[in-house]
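One structure is given here, and the rest of the page talks about it.
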Amino acid sequence: SSRLSGLIAATYTPFHADGTLALSKVAPMVEHLIRAGNRGLYVCGSTGEGVSLTTLERCQVAEAYAQAANKRVPVIVQVGHNCIAEAKHLAAHAEEIGADAVSATCPSYFKVVDIVSLFEVVQAIASAAPRLPFYYYHIPAVTGSQVDIVSFLQFADGKIPNFAGIKYTDKNLAEFQRCLSLGGGKFDAVWGCDDMLLGAIATGARAAIGSTFNVLAPLYLEMIRDFESNRLAEAQQIQLQSIEFICKLGMYPFHTSMKELLRLLGHDFGTCRSPQRSLSKSESKTLHQGLQHLKCL
Ligand code: NAY
């Protein structure tokens with residue numbers, strides 16, 4: 001089936017020192033991600049700074065990742081935008097360039113306050129790429145959407161032909177499990193909090209999208225093997241390492257820290273765009289020292 005499974009890396013967007021796109025960095029990164037065991041790429045999401053890019057840049061980044069993946073793993077393009085016309089344009093473009101799925105947040109400046117508004121948004125964007133599965137990107141902490149996601153899935157059921165499920169980026173495992181089980185499991189619900197992946201897997205998650213998979217995919221794969229082989233204590237130890245990793249990087253703007261780490265690992269993706277600031281010399285030194293004490297690196 002066309003369902004997502006396994007670890008899906010939320011990809012970073014590479015910039016030159018002058019802030020322009022450094023697209024030549026994409027192909028080697030994709031080789032690394034696939035070799036490390038990732039089974040998909042989620043492009044231009046939070047991790048990829050989609051909302052900090054121009055529409056043209058978003059198209060270029062999506063195309064670079066789709067080309068580099070070359071159908072070996074599915075590429076999901078995040079097209080959410082405060083302007084629905086732009087989101088539709090990006091969705092249509094994703095279909096044109098041979099991406100495998102489209103995903104979108106709802107607008108966030110004007111809040112989505114009820115099911116009907118959310119349904120209109122999702123229907124408009126999904127129908128702009130009718131041949132691709134569509135995943136609604138549920139990230140209420142960012143969008144401020146007040147819509148209950150279970151009720152939304154029940155409402156949307158059967159009304160949008162290419163609606164495939166959700167990317168669930170919230171911390172409510174009970175709600176996530178309900179999403180997984182709705183209608184006998186007809187929707188994909190893809191987990192989005194790396195520091196709680198073990199819990200999500202215990203509830204039945206088949207796929208997860210994460211920024212830390214750029215670096216730690218082999219570790220998470222080991223955790224999943226441990227879980228599946230009933231080595232729960234070992235799995236818990238690995239999850240704890242990932243939690244400590246995330247805490248350590250969270251000492252500074254998280255994705256800036258991740259990009260620093262990528263550079264240390266030989267993938268210079270530059271820094272993040274404003275408003276995600278870069279680090280001072282002394283901050284990056286402190287970060288490097290902190291990373292040296294992590295068991296998982
Ligand atoms: C995205 O769109 O890139 C994602 O949401 C991927 C999931 C990440 N969430 C955010 C908001 O960045 O991997 C997580 C997250 O970085 C990780 O759990 C550390 O908090």
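To be explicit about the labels: the chains of the structure tokens are called A, B, and onward in the order shown, and within each one the residues are counted from 1, while ligands get numbers from 1 in the order they are shown.
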>> Residues near A:Glu244, anyone? I mean within 12 Å using only C-alpha atoms, not counting same-chain ones fewer than 2 positions away, as number ranges by chain.
In response: A: 194-195, 212, 237-242, 246-251, 290-291, 293-297
> Within 7 Å of ligand 1, counting only C-alpha atoms and all ligand atoms, which protein or nucleic acid residues do you find, written as a ChimeraX atom specification?
Replying inline: /A:10-11,42,45-48,169,192-195,209-212,246
With stretch 122-127 of chain A as the partner and 8 Å as the cut-off, tabulate the residues of stretch 44-116 of chain A that qualify, each row holding the nearest pair of atoms and their distance in Å to one decimal, using only C-alpha atoms, sorted by chain and rising number, as a tab-separated table.
residue	atom	partner	partner_atom	distance
A:Ile84	CA	A:Ile125	CA	7.2
A:Ala87	CA	A:Ile125	CA	6.3
A:Lys88	CA	A:Ile125	CA	5.0
A:Ala91	CA	A:Ile125	CA	6.7
A:Val102	CA	A:Ala126	CA	7.6
A:Ala104	CA	A:Ile125	CA	7.8
A:Cys106	CA	A:Val122	CA	7.6
Kindly export the residues of the current selection with C-alpha atoms, as a compact mmCIF listing (two decimals), in the first residue's frame.
# COMPACT_ATOMS: atom_id res chain seq x y z
CA ILE A 84 -4.13 29.22 0.83
CA ALA A 87 -0.26 26.46 -0.39
CA LYS A 88 -2.23 25.22 -3.41
CA ALA A 91 0.94 21.39 -3.59
CA VAL A 102 1.77 16.47 0.30
CA ALA A 104 0.21 21.02 5.20
CA CYS A 106 -3.40 25.09 8.63
>> Using DSSP assignments from the backbone, pull out every residue in stretch 104-289 of chain A that falls under helix (DSSP H, G or I) and give it to me as an NGL selection string.
In response: :A and (115-126 or 140-143 or 149-156 or 173-184 or 194-203 or 213-228 or 232-249 or 254-264 or 281-289)
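With distances taken over only C-alpha atoms, A:Ile149 is the one residue among A:Ile149, A:Ile8, A:Leu41, A:Ala141 lying closest to A:Ile115.
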>> Please determine, counting only C-alpha atoms, which residue among A:Val190, A:Ala200, A:Ala156, A:Leu132 has the shortest atom-to-atom distance to A:Ala174.
In response: A:Ala200
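Counting only C-alpha atoms, the residue from A:Ala233, A:Val26, A:Ile97, A:Val147 that sits nearest to A:Ser117 is A:Val147.
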> Near A:Gly165, counting only C-alpha atoms, which residues have an atom at most 6 Å away, once you skip same-chain residues fewer than 5 positions from it, shown as a PyMOL selection string?
Replying inline: chain A and resi 135+187-189
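Nearest to A:Gln67 of all the residues A:Met223, A:Ala27, A:Ile166, A:Leu90 is A:Ala27, based on only C-alpha atoms.
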> What are the DSSP strand (DSSP E or B) residues of stretch 10-138 of chain A, as a PyMOL selection string?
Replying inline: chain A and resi 10+15+21+41-43+75-78+101-104+134-138
Can those selected residues be exported to a file as a PDB file, in the first residue's frame so that it contains N, CA, C and O atoms?
ATOM      1  N   ALA A  10      12.833  14.466   8.964  1.00  0.00           N
ATOM      2  CA  ALA A  10      12.410  15.840   8.663  1.00  0.00           C
ATOM      3  C   ALA A  10      13.682  16.566   8.223  1.00  0.00           C
ATOM      4  O   ALA A  10      14.595  16.761   9.035  1.00  0.00           O
ATOM      5  N   PHE A  15      21.863  26.324   3.606  1.00  0.00           N
ATOM      6  CA  PHE A  15      22.127  27.697   3.174  1.00  0.00           C
ATOM      7  C   PHE A  15      23.633  27.932   3.058  1.00  0.00           C
ATOM      8  O   PHE A  15      24.419  27.377   3.839  1.00  0.00           O
ATOM      9  N   LEU A  21      20.228  29.610  -0.867  1.00  0.00           N
ATOM     10  CA  LEU A  21      20.131  28.142  -0.825  1.00  0.00           C
ATOM     11  C   LEU A  21      21.417  27.500  -1.323  1.00  0.00           C
ATOM     12  O   LEU A  21      21.988  27.935  -2.321  1.00  0.00           O
ATOM     13  N   LEU A  41      11.404  11.096   3.513  1.00  0.00           N
ATOM     14  CA  LEU A  41      11.917  12.452   3.742  1.00  0.00           C
ATOM     15  C   LEU A  41      10.738  13.410   3.813  1.00  0.00           C
ATOM     16  O   LEU A  41       9.856  13.378   2.943  1.00  0.00           O
ATOM     17  N   TYR A  42      10.734  14.243   4.853  1.00  0.00           N
ATOM     18  CA  TYR A  42       9.663  15.234   5.039  1.00  0.00           C
ATOM     19  C   TYR A  42      10.301  16.609   4.852  1.00  0.00           C
ATOM     20  O   TYR A  42      11.117  17.039   5.666  1.00  0.00           O
ATOM     21  N   VAL A  43       9.935  17.285   3.772  1.00  0.00           N
ATOM     22  CA  VAL A  43      10.682  18.448   3.296  1.00  0.00           C
ATOM     23  C   VAL A  43       9.900  19.741   3.541  1.00  0.00           C
ATOM     24  O   VAL A  43       8.680  19.793   3.346  1.00  0.00           O
ATOM     25  N   VAL A  75       9.072  11.048  -0.707  1.00  0.00           N
ATOM     26  CA  VAL A  75       9.319  12.443  -0.339  1.00  0.00           C
ATOM     27  C   VAL A  75       7.966  13.111  -0.113  1.00  0.00           C
ATOM     28  O   VAL A  75       7.107  13.122  -0.997  1.00  0.00           O
ATOM     29  N   ILE A  76       7.811  13.644   1.091  1.00  0.00           N
ATOM     30  CA  ILE A  76       6.570  14.320   1.474  1.00  0.00           C
ATOM     31  C   ILE A  76       6.888  15.809   1.553  1.00  0.00           C
ATOM     32  O   ILE A  76       7.795  16.201   2.296  1.00  0.00           O
ATOM     33  N   VAL A  77       6.159  16.624   0.815  1.00  0.00           N
ATOM     34  CA  VAL A  77       6.448  18.063   0.792  1.00  0.00           C
ATOM     35  C   VAL A  77       5.427  18.806   1.640  1.00  0.00           C
ATOM     36  O   VAL A  77       4.210  18.659   1.430  1.00  0.00           O
ATOM     37  N   GLN A  78       5.923  19.588   2.587  1.00  0.00           N
ATOM     38  CA  GLN A  78       5.065  20.384   3.467  1.00  0.00           C
ATOM     39  C   GLN A  78       4.788  21.715   2.793  1.00  0.00           C
ATOM     40  O   GLN A  78       5.723  22.456   2.464  1.00  0.00           O
ATOM     41  N   ALA A 101       3.987  12.621  -1.640  1.00  0.00           N
ATOM     42  CA  ALA A 101       2.867  13.007  -0.783  1.00  0.00           C
ATOM     43  C   ALA A 101       2.976  14.493  -0.477  1.00  0.00           C
ATOM     44  O   ALA A 101       4.048  15.096  -0.604  1.00  0.00           O
ATOM     45  N   VAL A 102       1.833  15.056  -0.091  1.00  0.00           N
ATOM     46  CA  VAL A 102       1.774  16.465   0.304  1.00  0.00           C
ATOM     47  C   VAL A 102       1.269  16.510   1.736  1.00  0.00           C
ATOM     48  O   VAL A 102       0.463  15.675   2.158  1.00  0.00           O
ATOM     49  N   SER A 103       1.785  17.479   2.487  1.00  0.00           N
ATOM     50  CA  SER A 103       1.362  17.671   3.860  1.00  0.00           C
ATOM     51  C   SER A 103       1.227  19.168   4.080  1.00  0.00           C
ATOM     52  O   SER A 103       1.933  19.952   3.441  1.00  0.00           O
ATOM     53  N   ALA A 104       0.338  19.586   4.960  1.00  0.00           N
ATOM     54  CA  ALA A 104       0.210  21.023   5.202  1.00  0.00           C
ATOM     55  C   ALA A 104      -0.317  21.307   6.597  1.00  0.00           C
ATOM     56  O   ALA A 104      -1.223  20.625   7.075  1.00  0.00           O
ATOM     57  N   PHE A 134      -2.562  13.025   0.911  1.00  0.00           N
ATOM     58  CA  PHE A 134      -2.428  14.268   1.685  1.00  0.00           C
ATOM     59  C   PHE A 134      -2.432  13.958   3.181  1.00  0.00           C
ATOM     60  O   PHE A 134      -3.275  13.218   3.675  1.00  0.00           O
ATOM     61  N   TYR A 135      -1.470  14.577   3.882  1.00  0.00           N
ATOM     62  CA  TYR A 135      -1.366  14.428   5.331  1.00  0.00           C
ATOM     63  C   TYR A 135      -1.536  15.780   5.997  1.00  0.00           C
ATOM     64  O   TYR A 135      -0.710  16.676   5.800  1.00  0.00           O
ATOM     65  N   TYR A 136      -2.584  15.933   6.800  1.00  0.00           N
ATOM     66  CA  TYR A 136      -2.734  17.167   7.553  1.00  0.00           C
ATOM     67  C   TYR A 136      -1.681  17.201   8.659  1.00  0.00           C
ATOM     68  O   TYR A 136      -1.496  16.225   9.389  1.00  0.00           O
ATOM     69  N   TYR A 137      -0.961  18.307   8.748  1.00  0.00           N
ATOM     70  CA  TYR A 137       0.098  18.475   9.745  1.00  0.00           C
ATOM     71  C   TYR A 137      -0.507  19.106  10.994  1.00  0.00           C
ATOM     72  O   TYR A 137      -0.736  20.320  11.036  1.00  0.00           O
ATOM     73  N   HIS A 138      -0.771  18.268  11.968  1.00  0.00           N
ATOM     74  CA  HIS A 138      -1.386  18.710  13.227  1.00  0.00           C
ATOM     75  C   HIS A 138      -0.278  19.122  14.189  1.00  0.00           C
ATOM     76  O   HIS A 138       0.460  18.283  14.699  1.00  0.00           O
TER      77      HIS A 138
END
